[in-house]
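Novice: Input target26.pdb, format and content: PDB, C-alpha atoms.
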ATOM      1  CA  MET A 155     -14.315 -10.275  16.656
ATOM      2  CA  ASN A 156     -12.057 -13.200  15.847
ATOM      3  CA  GLU A 157      -8.338 -13.756  15.396
ATOM      4  CA  VAL A 158      -8.438 -12.487  11.814
ATOM      5  CA  ASP A 159      -9.855  -9.021  12.557
ATOM      6  CA  PRO A 160      -6.710  -7.502  14.130
ATOM      7  CA  LEU A 161      -4.709  -8.722  11.123
ATOM      8  CA  ILE A 162      -7.202  -7.168   8.711
ATOM      9  CA  ARG A 163      -6.982  -3.844  10.555
ATOM     10  CA  LYS A 164      -3.178  -4.049  10.494
ATOM     11  CA  PHE A 165      -3.148  -4.547   6.723
ATOM     12  CA  GLN A 166      -5.703  -1.747   6.181
ATOM     13  CA  LYS A 167      -3.601   0.570   8.303
ATOM     14  CA  GLU A 168      -0.403  -0.241   6.405
ATOM     15  CA  LEU A 169      -2.065   0.216   3.028
ATOM     16  CA  SER A 170      -3.630   3.498   4.037
ATOM     17  CA  ALA A 171      -0.329   4.775   5.488
ATOM     18  CA  GLY A 172       1.101   4.243   2.021
ATOM     19  CA  THR A 173      -1.750   5.734   0.041
ATOM     20  CA  VAL A 174      -3.234   8.647   1.969
ATOM     21  CA  SER A 175      -0.740  11.295   0.760
ATOM     22  CA  PHE A 176      -1.219   9.988  -2.775
ATOM     23  CA  LEU A 177      -5.019  10.213  -2.480
ATOM     24  CA  LEU A 178      -4.866  13.773  -1.155
ATOM     25  CA  LEU A 179      -2.544  14.822  -3.986
ATOM     26  CA  ALA A 180      -4.882  13.174  -6.496
ATOM     27  CA  GLN A 181      -7.900  15.063  -5.127
ATOM     28  CA  LEU A 182      -6.050  18.347  -5.347
ATOM     29  CA  ALA A 183      -4.655  17.557  -8.806
ATOM     30  CA  LYS A 184      -8.262  17.195  -9.989
ATOM     31  CA  ALA A 185      -9.572  20.309  -8.235
ATOM     32  CA  ASP A 186     -10.178  23.487 -10.233
ATOM     33  CA  GLU A 187      -9.945  25.658  -7.136
ATOM     34  CA  PRO A 188      -8.296  25.601  -3.710
ATOM     35  CA  LEU A 189     -10.043  23.286  -1.247
ATOM     36  CA  TYR A 190     -10.116  23.259   2.528
ATOM     37  CA  GLY A 191      -9.551  20.140   4.595
ATOM     38  CA  TYR A 192     -13.167  19.284   5.228
ATOM     39  CA  GLN A 193     -14.030  19.496   1.501
ATOM     40  CA  ILE A 194     -11.172  17.181   0.587
ATOM     41  CA  ALA A 195     -12.163  14.739   3.319
ATOM     42  CA  LYS A 196     -15.794  14.707   2.184
ATOM     43  CA  GLN A 197     -14.837  14.031  -1.431
ATOM     44  CA  LEU A 198     -12.514  11.207  -0.418
ATOM     45  CA  GLU A 199     -15.230   9.772   1.774
ATOM     46  CA  GLN A 200     -17.666   9.766  -1.145
ATOM     47  CA  ASP A 201     -15.141   8.139  -3.473
ATOM     48  CA  GLY A 202     -14.255   5.639  -0.780
ATOM     49  CA  ASP A 203     -17.881   4.619  -0.393
ATOM     50  CA  GLY A 204     -17.651   4.676   3.386
ATOM     51  CA  MET A 205     -14.223   3.044   3.534
ATOM     52  CA  LEU A 206     -12.721   6.251   4.891
ATOM     53  CA  SER A 207     -15.575   7.472   7.056
ATOM     54  CA  GLY A 208     -14.512   8.606  10.478
ATOM     55  CA  LYS A 209     -10.950   9.084   9.349
ATOM     56  CA  GLN A 210     -11.066  12.766   8.367
ATOM     57  CA  SER A 211      -9.061  13.838  11.383
ATOM     58  CA  ALA A 212      -6.188  11.651  10.170
ATOM     59  CA  LEU A 213      -6.028  13.681   6.948
ATOM     60  CA  TYR A 214      -5.185  17.049   8.494
ATOM     61  CA  PRO A 215      -1.633  16.256   9.615
ATOM     62  CA  VAL A 216      -0.965  14.711   6.192
ATOM     63  CA  LEU A 217      -2.146  17.899   4.462
ATOM     64  CA  ARG A 218       0.161  19.918   6.704
ATOM     65  CA  ASN A 219       3.101  17.632   5.876
ATOM     66  CA  LEU A 220       2.472  17.909   2.128
ATOM     67  CA  ASP A 221       2.280  21.675   2.554
ATOM     68  CA  ALA A 222       5.553  21.775   4.505
ATOM     69  CA  ALA A 223       7.247  19.604   1.861
ATOM     70  CA  GLY A 224       6.224  22.011  -0.913
ATOM     71  CA  LEU A 225       3.806  19.638  -2.665
ATOM     72  CA  LEU A 226       0.893  21.851  -1.672
ATOM     73  CA  GLN A 227       0.581  25.506  -0.855
ATOM     74  CA  SER A 228      -2.025  26.930   1.434
ATOM     75  CA  GLU A 229      -3.661  30.136   2.462
ATOM     76  CA  VAL A 230      -5.919  30.948   5.395
ATOM     77  CA  GLU A 231      -9.144  32.732   4.516
ATOM     78  CA  PRO A 232     -11.883  34.020   6.774
ATOM     79  CA  SER A 233     -15.091  32.022   6.664
ATOM     80  CA  VAL A 234     -18.602  33.539   6.667
ATOM     81  CA  ALA A 235     -19.534  31.327   9.574
ATOM     82  CA  GLY A 236     -17.071  29.711  11.909
ATOM     83  CA  PRO A 237     -13.292  29.929  12.187
ATOM     84  CA  PRO A 238     -11.027  30.836   9.241
ATOM     85  CA  ARG A 239     -10.247  28.018   6.822
ATOM     86  CA  ARG A 240      -6.951  26.892   5.350
ATOM     87  CA  TYR A 241      -7.293  26.385   1.586
ATOM     88  CA  TYR A 242      -4.880  24.047  -0.197
ATOM     89  CA  ARG A 243      -3.807  23.862  -3.824
ATOM     90  CA  ILE A 244      -1.280  21.566  -5.472
ATOM     91  CA  THR A 245       2.037  23.094  -6.598
ATOM     92  CA  ASP A 246       3.952  22.300  -9.805
ATOM     93  CA  PHE A 247       6.334  20.226  -7.698
ATOM     94  CA  GLY A 248       3.328  18.432  -6.211
ATOM     95  CA  ARG A 249       2.095  17.598  -9.729
ATOM     96  CA  GLU A 250       5.505  16.206 -10.612
ATOM     97  CA  VAL A 251       5.523  14.010  -7.504
ATOM     98  CA  PHE A 252       1.925  12.963  -8.127
ATOM     99  CA  SER A 253       2.805  11.805 -11.614
ATOM    100  CA  ALA A 254       5.803   9.806 -10.329
ATOM    101  CA  TRP A 255       3.720   8.267  -7.516
ATOM    102  CA  ARG A 256       1.093   7.289 -10.043
ATOM    103  CA  ASN A 257       3.731   5.240 -11.880
ATOM    104  CA  THR A 258       4.836   3.675  -8.599
ATOM    105  CA  TRP A 259       1.228   2.812  -7.787
ATOM    106  CA  GLN A 260       0.719   1.213 -11.227
ATOM    107  CA  GLN A 261       3.879  -0.881 -10.799
ATOM    108  CA  THR A 262       2.818  -2.040  -7.333
ATOM    109  CA  GLN A 263      -0.644  -2.847  -8.571
ATOM    110  CA  THR A 264       0.760  -4.864 -11.476
ATOM    111  CA  LEU A 265       3.152  -6.733  -9.182
ATOM    112  CA  VAL A 266       0.504  -7.610  -6.603
ATOM    113  CA  ASN A 267      -2.048  -8.668  -9.204
ATOM    114  CA  THR A 268       0.556 -10.782 -11.009
ATOM    115  CA  VAL A 269       1.383 -12.600  -7.779
ATOM    116  CA  LEU A 270      -2.328 -13.039  -6.992
ATOM    117  CA  GLU A 271      -2.950 -14.712 -10.353
ATOM    118  CA  GLY A 272      -3.621 -18.366  -9.785
ATOM    119  CA  ALA A 273      -3.881 -18.043  -6.008
ATOM    120  CA  PRO A 274      -6.854 -19.999  -4.616
ATOM    121  CA  GLN A 275      -9.835 -17.946  -3.404
TER     122      GLN A 275
ATOM    123  CA  MET B 922      19.020  12.347  -8.612
ATOM    124  CA  ASN B 923      16.542  15.194  -8.179
ATOM    125  CA  GLU B 924      14.128  16.351  -5.497
ATOM    126  CA  VAL B 925      11.474  13.881  -6.617
ATOM    127  CA  ASP B 926      13.561  10.707  -6.180
ATOM    128  CA  PRO B 927      13.550  10.578  -2.367
ATOM    129  CA  LEU B 928       9.762  11.008  -2.417
ATOM    130  CA  ILE B 929       9.399   8.170  -4.929
ATOM    131  CA  ARG B 930      11.504   5.901  -2.737
ATOM    132  CA  LYS B 931       9.452   6.876   0.310
ATOM    133  CA  PHE B 932       6.209   5.914  -1.440
ATOM    134  CA  GLN B 933       7.707   2.640  -2.749
ATOM    135  CA  LYS B 934       8.856   1.793   0.735
ATOM    136  CA  GLU B 935       5.453   2.508   2.280
ATOM    137  CA  LEU B 936       3.632   0.479  -0.351
ATOM    138  CA  SER B 937       5.982  -2.448  -0.003
ATOM    139  CA  ALA B 938       5.749  -2.344   3.814
ATOM    140  CA  GLY B 939       2.025  -2.817   3.338
ATOM    141  CA  THR B 940       2.186  -5.526   0.705
ATOM    142  CA  VAL B 941       5.178  -7.769   1.378
ATOM    143  CA  SER B 942       3.450 -10.065   3.915
ATOM    144  CA  PHE B 943       0.501 -10.293   1.543
ATOM    145  CA  LEU B 944       2.768 -11.215  -1.402
ATOM    146  CA  LEU B 945       4.550 -13.899   0.611
ATOM    147  CA  LEU B 946       1.232 -15.405   1.721
ATOM    148  CA  ALA B 947       0.015 -15.346  -1.884
ATOM    149  CA  GLN B 948       3.112 -17.208  -3.102
ATOM    150  CA  LEU B 949       2.689 -19.863  -0.445
ATOM    151  CA  ALA B 950      -1.068 -20.135  -1.044
ATOM    152  CA  LYS B 951      -0.249 -21.019  -4.671
ATOM    153  CA  ALA B 952       2.566 -23.451  -3.859
ATOM    154  CA  ASP B 953       1.911 -27.193  -4.013
ATOM    155  CA  GLU B 954       4.813 -27.963  -1.715
ATOM    156  CA  PRO B 955       6.780 -26.274   1.077
ATOM    157  CA  LEU B 956       9.218 -23.651  -0.183
ATOM    158  CA  TYR B 957      12.369 -22.237   1.335
ATOM    159  CA  GLY B 958      13.111 -18.527   1.529
ATOM    160  CA  TYR B 959      15.322 -18.301  -1.520
ATOM    161  CA  GLN B 960      12.741 -20.067  -3.726
ATOM    162  CA  ILE B 961       9.997 -17.698  -2.599
ATOM    163  CA  ALA B 962      12.249 -14.688  -3.168
ATOM    164  CA  LYS B 963      13.188 -15.864  -6.673
ATOM    165  CA  GLN B 964       9.555 -16.394  -7.660
ATOM    166  CA  LEU B 965       8.579 -12.956  -6.350
ATOM    167  CA  GLU B 966      11.486 -11.446  -8.198
ATOM    168  CA  GLN B 967      10.337 -13.053 -11.456
ATOM    169  CA  ASP B 968       6.744 -11.899 -10.939
ATOM    170  CA  GLY B 969       7.977  -8.451 -10.000
ATOM    171  CA  ASP B 970       9.945  -8.167 -13.211
ATOM    172  CA  GLY B 971      12.973  -6.791 -11.398
ATOM    173  CA  MET B 972      10.969  -4.496  -9.092
ATOM    174  CA  LEU B 973      11.994  -6.573  -6.096
ATOM    175  CA  SER B 974      15.527  -7.486  -7.111
ATOM    176  CA  GLY B 975      18.080  -6.989  -4.385
ATOM    177  CA  LYS B 976      15.382  -7.086  -1.728
ATOM    178  CA  GLN B 977      15.425 -10.799  -0.874
ATOM    179  CA  SER B 978      17.108 -10.217   2.471
ATOM    180  CA  ALA B 979      14.142  -8.061   3.521
ATOM    181  CA  LEU B 980      11.827 -11.046   3.050
ATOM    182  CA  TYR B 981      13.391 -13.361   5.636
ATOM    183  CA  PRO B 982      12.301 -11.464   8.764
ATOM    184  CA  VAL B 983       8.803 -11.188   7.301
ATOM    185  CA  LEU B 984       8.663 -14.970   6.774
ATOM    186  CA  ARG B 985       9.750 -15.474  10.368
ATOM    187  CA  ASN B 986       7.044 -13.076  11.620
ATOM    188  CA  LEU B 987       4.334 -14.853   9.612
ATOM    189  CA  ASP B 988       5.583 -18.136  11.028
ATOM    190  CA  ALA B 989       5.520 -16.800  14.591
ATOM    191  CA  ALA B 990       1.989 -15.455  14.070
ATOM    192  CA  GLY B 991       0.758 -18.879  12.939
ATOM    193  CA  LEU B 992       0.058 -17.906   9.314
ATOM    194  CA  LEU B 993       2.867 -20.182   8.147
ATOM    195  CA  GLN B 994       4.497 -23.232   9.598
ATOM    196  CA  SER B 995       8.048 -24.228   8.935
ATOM    197  CA  GLU B 996      10.463 -27.099   9.210
ATOM    198  CA  VAL B 997      14.212 -27.210   8.877
ATOM    199  CA  GLU B 998      15.554 -29.838   6.495
ATOM    200  CA  PRO B 999      19.137 -30.735   5.681
ATOM    201  CA  SER B1000      20.278 -29.645   2.248
ATOM    202  CA  VAL B1001      22.422 -31.767  -0.087
ATOM    203  CA  ALA B1002      24.866 -28.921  -0.453
ATOM    204  CA  GLY B1003      25.162 -26.066   1.985
ATOM    205  CA  PRO B1004      23.464 -25.352   5.304
ATOM    206  CA  PRO B1005      20.032 -26.784   6.260
ATOM    207  CA  ARG B1006      17.015 -24.964   4.837
ATOM    208  CA  ARG B1007      13.828 -23.779   6.501
ATOM    209  CA  TYR B1008      10.804 -24.818   4.445
ATOM    210  CA  TYR B1009       7.564 -22.843   4.801
ATOM    211  CA  ARG B1010       3.973 -23.787   4.082
ATOM    212  CA  ILE B1011       0.802 -21.781   4.637
ATOM    213  CA  THR B1012      -1.522 -22.873   7.476
ATOM    214  CA  ASP B1013      -5.338 -22.935   7.404
ATOM    215  CA  PHE B1014      -5.287 -19.766   9.484
ATOM    216  CA  GLY B1015      -2.885 -18.246   6.955
ATOM    217  CA  ARG B1016      -5.335 -19.075   4.145
ATOM    218  CA  GLU B1017      -8.129 -17.408   6.079
ATOM    219  CA  VAL B1018      -6.048 -14.257   6.597
ATOM    220  CA  PHE B1019      -4.923 -14.313   2.969
ATOM    221  CA  SER B1020      -8.512 -14.377   1.788
ATOM    222  CA  ALA B1021      -9.433 -11.446   4.070
ATOM    223  CA  TRP B1022      -6.361  -9.458   2.946
ATOM    224  CA  ARG B1023      -7.305 -10.080  -0.643
ATOM    225  CA  ASN B1024     -10.638  -8.341   0.007
ATOM    226  CA  THR B1025      -8.836  -5.475   1.728
ATOM    227  CA  TRP B1026      -6.481  -5.177  -1.243
ATOM    228  CA  GLN B1027      -9.405  -5.119  -3.708
ATOM    229  CA  GLN B1028     -11.135  -2.382  -1.690
ATOM    230  CA  THR B1029      -7.981  -0.287  -1.541
ATOM    231  CA  GLN B1030      -7.376  -0.758  -5.236
ATOM    232  CA  THR B1031     -10.936   0.298  -6.037
ATOM    233  CA  LEU B1032     -10.683   3.344  -3.788
ATOM    234  CA  VAL B1033      -7.370   4.524  -5.214
ATOM    235  CA  ASN B1034      -8.415   3.959  -8.813
ATOM    236  CA  THR B1035     -11.714   5.760  -8.212
ATOM    237  CA  VAL B1036      -9.884   8.792  -6.842
ATOM    238  CA  LEU B1037      -7.386   8.664  -9.734
ATOM    239  CA  GLU B1038     -10.206   8.792 -12.287
ATOM    240  CA  GLY B1039     -10.166  12.154 -13.943
ATOM    241  CA  ALA B1040      -6.830  13.231 -12.470
ATOM    242  CA  PRO B1041      -4.561  14.853 -15.054
ATOM    243  CA  GLN B1042      -1.597  12.751 -16.257
TER     244      GLN B1042
END
The structure given in the file should be rewritten as structure tokens.
Specialist:
Amino acid sequence: MNEVDPLIRKFQKELSAGTVSFLLLAQLAKADEPLYGYQIAKQLEQDGDGMLSGKQSALYPVLRNLDAAGLLQSEVEPSVAGPPRRYYRITDFGREVFSAWRNTWQQTQTLVNTVLEGAPQ
Amino acid sequence: MNEVDPLIRKFQKELSAGTVSFLLLAQLAKADEPLYGYQIAKQLEQDGDGMLSGKQSALYPVLRNLDAAGLLQSEVEPSVAGPPRRYYRITDFGREVFSAWRNTWQQTQTLVNTVLEGAPQ
């Protein structure tokens, strides 16, 4: 651990604070059926190639917030083994927000990559 | 103004909280000479194609924080007209952090774009 590591973690944390709701909405926008938290987390972990491993627990409060804000809707169903599971699906409002956030993400990406152009490695 | 607008602004705000220090470091990593706040803001505004207009004042505290953390160093110089100006340059430590943040940014970009693949427009 050196002086740079805490600053890397800070930047990672800030970027993930901005993107985690967006990533969850994207997963659910792609899903053909309602998904429960663990399924969503596992898919994100696969896509993230390990980048998100060990962070599943951080996703649950975000799912609940998206649900409370009307971007998702959820239903609790009994599970064959283990406790009942809360299944989430994206709402029409959630799809609208997802589409707007996608534009915001593209703009941010374009801005950052424009500024990075010509910066020394 | 509709229901979606406040959620767009929230996402913009979160993304820019994560990226503004990175953008400022990038500008100064590219600069051949020390720059003062207004110059940096103007360049970012040009690169951002209006996305950052009206947000210059938000950049000054971030410059001061980067200075205090040793990523930049600064010097006050008298100006021909108007008050003295604080000129910033990036330090070696700042270049090291910039390079690490660039990797973090690339990883985040890859993750988000991977998850977006296949999501409906």
Novice: Find the nearest atom pair between each residue of chain A and chain B for residues within 8 Å, count only C-alpha atoms, give distances in Å to one decimal, sort rows by chain and ascending number, and present the table as a tab-separated table.
Specialist:
residue	atom	partner	partner_atom	distance
A:Val158	CA	B:Val1018	CA	6.0
A:Leu161	CA	B:Val1018	CA	7.3
A:Ile162	CA	B:Trp1022	CA	6.3
A:Phe165	CA	B:Gly939	CA	6.4
A:Gln166	CA	B:Thr1025	CA	6.6
A:Glu168	CA	B:Gly939	CA	4.7
A:Leu169	CA	B:Gly939	CA	5.1
A:Ala171	CA	B:Glu935	CA	7.0
A:Gly172	CA	B:Glu935	CA	4.7
A:Thr173	CA	B:Leu936	CA	7.5
A:Leu177	CA	B:Val1036	CA	6.7
A:Ala180	CA	B:Leu1037	CA	6.1
A:Gln181	CA	B:Val1036	CA	6.8
A:Ala183	CA	B:Ala1040	CA	6.1
A:Lys184	CA	B:Ala1040	CA	4.9
A:Leu198	CA	B:Val1036	CA	7.3
A:Asp201	CA	B:Val1036	CA	6.3
A:Gly202	CA	B:Leu1032	CA	5.2
A:Glu250	CA	B:Val925	CA	7.5
A:Val251	CA	B:Val925	CA	6.0
A:Ser253	CA	B:Gln1042	CA	6.5
A:Ala254	CA	B:Ile929	CA	6.7
A:Trp255	CA	B:Ile929	CA	6.2
A:Thr258	CA	B:Gln933	CA	6.6
A:Thr262	CA	B:Leu936	CA	7.5
A:Gln263	CA	B:Gln1030	CA	7.8
A:Leu265	CA	B:Gly969	CA	5.2
A:Val266	CA	B:Leu944	CA	6.7
A:Thr268	CA	B:Asp968	CA	6.3
A:Val269	CA	B:Asp968	CA	6.3
A:Leu270	CA	B:Ala947	CA	6.1
A:Gly272	CA	B:Lys951	CA	6.7
A:Ala273	CA	B:Lys951	CA	4.9
A:Pro274	CA	B:Lys951	CA	6.7
A:Gln275	CA	B:Ser1020	CA	6.4
Novice: Both chains have the same sequence, so match all Cα atoms in order, fit chain A onto chain B by least squares, and return it as a short mmCIF file (atom, residue, chain, number, x, y, z; two decimals) with C-alpha atoms, in the frame of the given file.
Specialist:
data_model
loop_
_atom_site.label_atom_id
_atom_site.label_comp_id
_atom_site.auth_asym_id
_atom_site.auth_seq_id
_atom_site.Cartn_x
_atom_site.Cartn_y
_atom_site.Cartn_z
CA MET A 155 18.99 12.39 -8.60
CA ASN A 156 16.51 15.21 -8.16
CA GLU A 157 14.08 16.35 -5.49
CA VAL A 158 11.45 13.85 -6.62
CA ASP A 159 13.55 10.69 -6.18
CA PRO A 160 13.54 10.58 -2.36
CA LEU A 161 9.75 11.00 -2.43
CA ILE A 162 9.39 8.16 -4.93
CA ARG A 163 11.52 5.89 -2.73
CA LYS A 164 9.45 6.87 0.31
CA PHE A 165 6.21 5.93 -1.45
CA GLN A 166 7.69 2.65 -2.75
CA LYS A 167 8.85 1.80 0.75
CA GLU A 168 5.45 2.51 2.29
CA LEU A 169 3.62 0.49 -0.35
CA SER A 170 5.98 -2.44 0.01
CA ALA A 171 5.73 -2.34 3.82
CA GLY A 172 2.01 -2.84 3.34
CA THR A 173 2.18 -5.54 0.70
CA VAL A 174 5.17 -7.77 1.37
CA SER A 175 3.45 -10.07 3.91
CA PHE A 176 0.50 -10.31 1.53
CA LEU A 177 2.77 -11.23 -1.40
CA LEU A 178 4.55 -13.91 0.61
CA LEU A 179 1.23 -15.41 1.72
CA ALA A 180 0.02 -15.36 -1.89
CA GLN A 181 3.12 -17.21 -3.10
CA LEU A 182 2.69 -19.86 -0.45
CA ALA A 183 -1.06 -20.13 -1.05
CA LYS A 184 -0.24 -21.02 -4.67
CA ALA A 185 2.56 -23.46 -3.85
CA ASP A 186 1.91 -27.21 -4.02
CA GLU A 187 4.82 -27.96 -1.71
CA PRO A 188 6.78 -26.28 1.09
CA LEU A 189 9.22 -23.65 -0.18
CA TYR A 190 12.37 -22.24 1.35
CA GLY A 191 13.11 -18.53 1.53
CA TYR A 192 15.33 -18.31 -1.50
CA GLN A 193 12.75 -20.07 -3.72
CA ILE A 194 10.01 -17.70 -2.60
CA ALA A 195 12.25 -14.70 -3.17
CA LYS A 196 13.20 -15.87 -6.66
CA GLN A 197 9.56 -16.40 -7.65
CA LEU A 198 8.58 -12.97 -6.36
CA GLU A 199 11.50 -11.45 -8.21
CA GLN A 200 10.35 -13.05 -11.46
CA ASP A 201 6.76 -11.90 -10.96
CA GLY A 202 7.99 -8.45 -10.02
CA ASP A 203 9.97 -8.17 -13.23
CA GLY A 204 12.99 -6.77 -11.42
CA MET A 205 10.97 -4.50 -9.13
CA LEU A 206 12.01 -6.57 -6.12
CA SER A 207 15.54 -7.48 -7.11
CA GLY A 208 18.06 -7.00 -4.36
CA LYS A 209 15.38 -7.09 -1.72
CA GLN A 210 15.42 -10.80 -0.86
CA SER A 211 17.11 -10.21 2.47
CA ALA A 212 14.14 -8.07 3.52
CA LEU A 213 11.83 -11.07 3.04
CA TYR A 214 13.40 -13.35 5.64
CA PRO A 215 12.30 -11.45 8.76
CA VAL A 216 8.79 -11.19 7.29
CA LEU A 217 8.67 -14.96 6.76
CA ARG A 218 9.76 -15.46 10.37
CA ASN A 219 7.05 -13.07 11.60
CA LEU A 220 4.34 -14.85 9.60
CA ASP A 221 5.60 -18.13 11.02
CA ALA A 222 5.53 -16.79 14.58
CA ALA A 223 2.00 -15.45 14.06
CA GLY A 224 0.76 -18.87 12.93
CA LEU A 225 0.06 -17.90 9.31
CA LEU A 226 2.87 -20.16 8.15
CA GLN A 227 4.50 -23.22 9.59
CA SER A 228 8.05 -24.22 8.94
CA GLU A 229 10.45 -27.08 9.21
CA VAL A 230 14.22 -27.21 8.89
CA GLU A 231 15.56 -29.85 6.52
CA PRO A 232 19.13 -30.76 5.69
CA SER A 233 20.27 -29.69 2.25
CA VAL A 234 22.43 -31.81 -0.09
CA ALA A 235 24.84 -28.94 -0.45
CA GLY A 236 25.14 -26.08 1.97
CA PRO A 237 23.45 -25.36 5.29
CA PRO A 238 20.03 -26.78 6.25
CA ARG A 239 17.02 -24.97 4.83
CA ARG A 240 13.84 -23.79 6.51
CA TYR A 241 10.80 -24.81 4.45
CA TYR A 242 7.57 -22.84 4.82
CA ARG A 243 3.97 -23.79 4.10
CA ILE A 244 0.80 -21.78 4.64
CA THR A 245 -1.53 -22.87 7.47
CA ASP A 246 -5.34 -22.93 7.40
CA PHE A 247 -5.29 -19.76 9.49
CA GLY A 248 -2.88 -18.23 6.97
CA ARG A 249 -5.33 -19.05 4.15
CA GLU A 250 -8.13 -17.39 6.08
CA VAL A 251 -6.05 -14.25 6.59
CA PHE A 252 -4.92 -14.31 2.97
CA SER A 253 -8.51 -14.37 1.79
CA ALA A 254 -9.44 -11.44 4.07
CA TRP A 255 -6.36 -9.46 2.96
CA ARG A 256 -7.30 -10.08 -0.64
CA ASN A 257 -10.63 -8.34 0.00
CA THR A 258 -8.83 -5.47 1.72
CA TRP A 259 -6.47 -5.17 -1.24
CA GLN A 260 -9.39 -5.11 -3.71
CA GLN A 261 -11.13 -2.38 -1.69
CA THR A 262 -7.97 -0.28 -1.53
CA GLN A 263 -7.37 -0.75 -5.22
CA THR A 264 -10.93 0.29 -6.04
CA LEU A 265 -10.68 3.35 -3.79
CA VAL A 266 -7.37 4.52 -5.21
CA ASN A 267 -8.42 3.96 -8.81
CA THR A 268 -11.72 5.76 -8.21
CA VAL A 269 -9.87 8.78 -6.83
CA LEU A 270 -7.39 8.67 -9.73
CA GLU A 271 -10.20 8.80 -12.29
CA GLY A 272 -10.17 12.16 -13.96
CA ALA A 273 -6.85 13.22 -12.46
CA PRO A 274 -4.57 14.86 -15.05
CA GLN A 275 -1.58 12.82 -16.24
#
Novice: Would you compute the distance between CA of Asp186 in chain A and CA of Pro927 in chain B? Give it in Å to one decimal.
Specialist: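 Pair CA of Asp186 in chain A / CA of Pro927 in chain B returns 28.1 Å.
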Novice: Take the PyMOL selection byres ((chain B and resi 1010) around 7), apply it to the structure above, and return the hits as an NGL selection string.
Specialist: :B and (949 or 955-956 or 993-995 or 1008-1009 or 1011-1012)
Novice: Using only C-alpha atoms, which residues sit within 9 Å of Gly191 in chain A once same-chain residues fewer than 3 positions away are excluded, as an mmCIF file with C-alpha atoms, in the frame of the given file?
Specialist:
data_model
loop_
_atom_site.group_PDB
_atom_site.id
_atom_site.type_symbol
_atom_site.label_atom_id
_atom_site.label_comp_id
_atom_site.auth_asym_id
_atom_site.auth_seq_id
_atom_site.Cartn_x
_atom_site.Cartn_y
_atom_site.Cartn_z
ATOM 1 C CA ILE A 194 -11.172 17.181 0.587
ATOM 2 C CA ALA A 195 -12.163 14.739 3.319
ATOM 3 C CA LYS A 196 -15.794 14.707 2.184
ATOM 4 C CA GLN A 210 -11.066 12.766 8.367
ATOM 5 C CA LEU A 213 -6.028 13.681 6.948
ATOM 6 C CA TYR A 214 -5.185 17.049 8.494
ATOM 7 C CA LEU A 217 -2.146 17.899 4.462
ATOM 8 C CA ARG A 239 -10.247 28.018 6.822
ATOM 9 C CA ARG A 240 -6.951 26.892 5.350
ATOM 10 C CA TYR A 241 -7.293 26.385 1.586
ATOM 11 C CA TYR A 242 -4.880 24.047 -0.197
#
Novice: Using CA of Lys209 in chain A and CA of Pro232 in chain A as the two end points, give the distance in Å to one decimal.
Specialist: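 Distance between the two atoms: 25.1 Å.
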Novice: What does the distance from CA of Glu229 in chain A to CA of Pro215 in chain A come to in Å, to one decimal?
Specialist: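 These atoms are spaced 15.7 Å apart.
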Novice: What box, with edges along x, y and z, holds each listed atom of range 163-166 of chain A when 3 Å is added on every side, and can you state its centre and edge lengths in Å to one decimal, as lines of an AutoDock Vina configuration file?
Specialist:
center_x = -5.1
center_y = -3.1
center_z = 8.4
size_x = 9.8
size_y = 8.8
size_z = 10.4
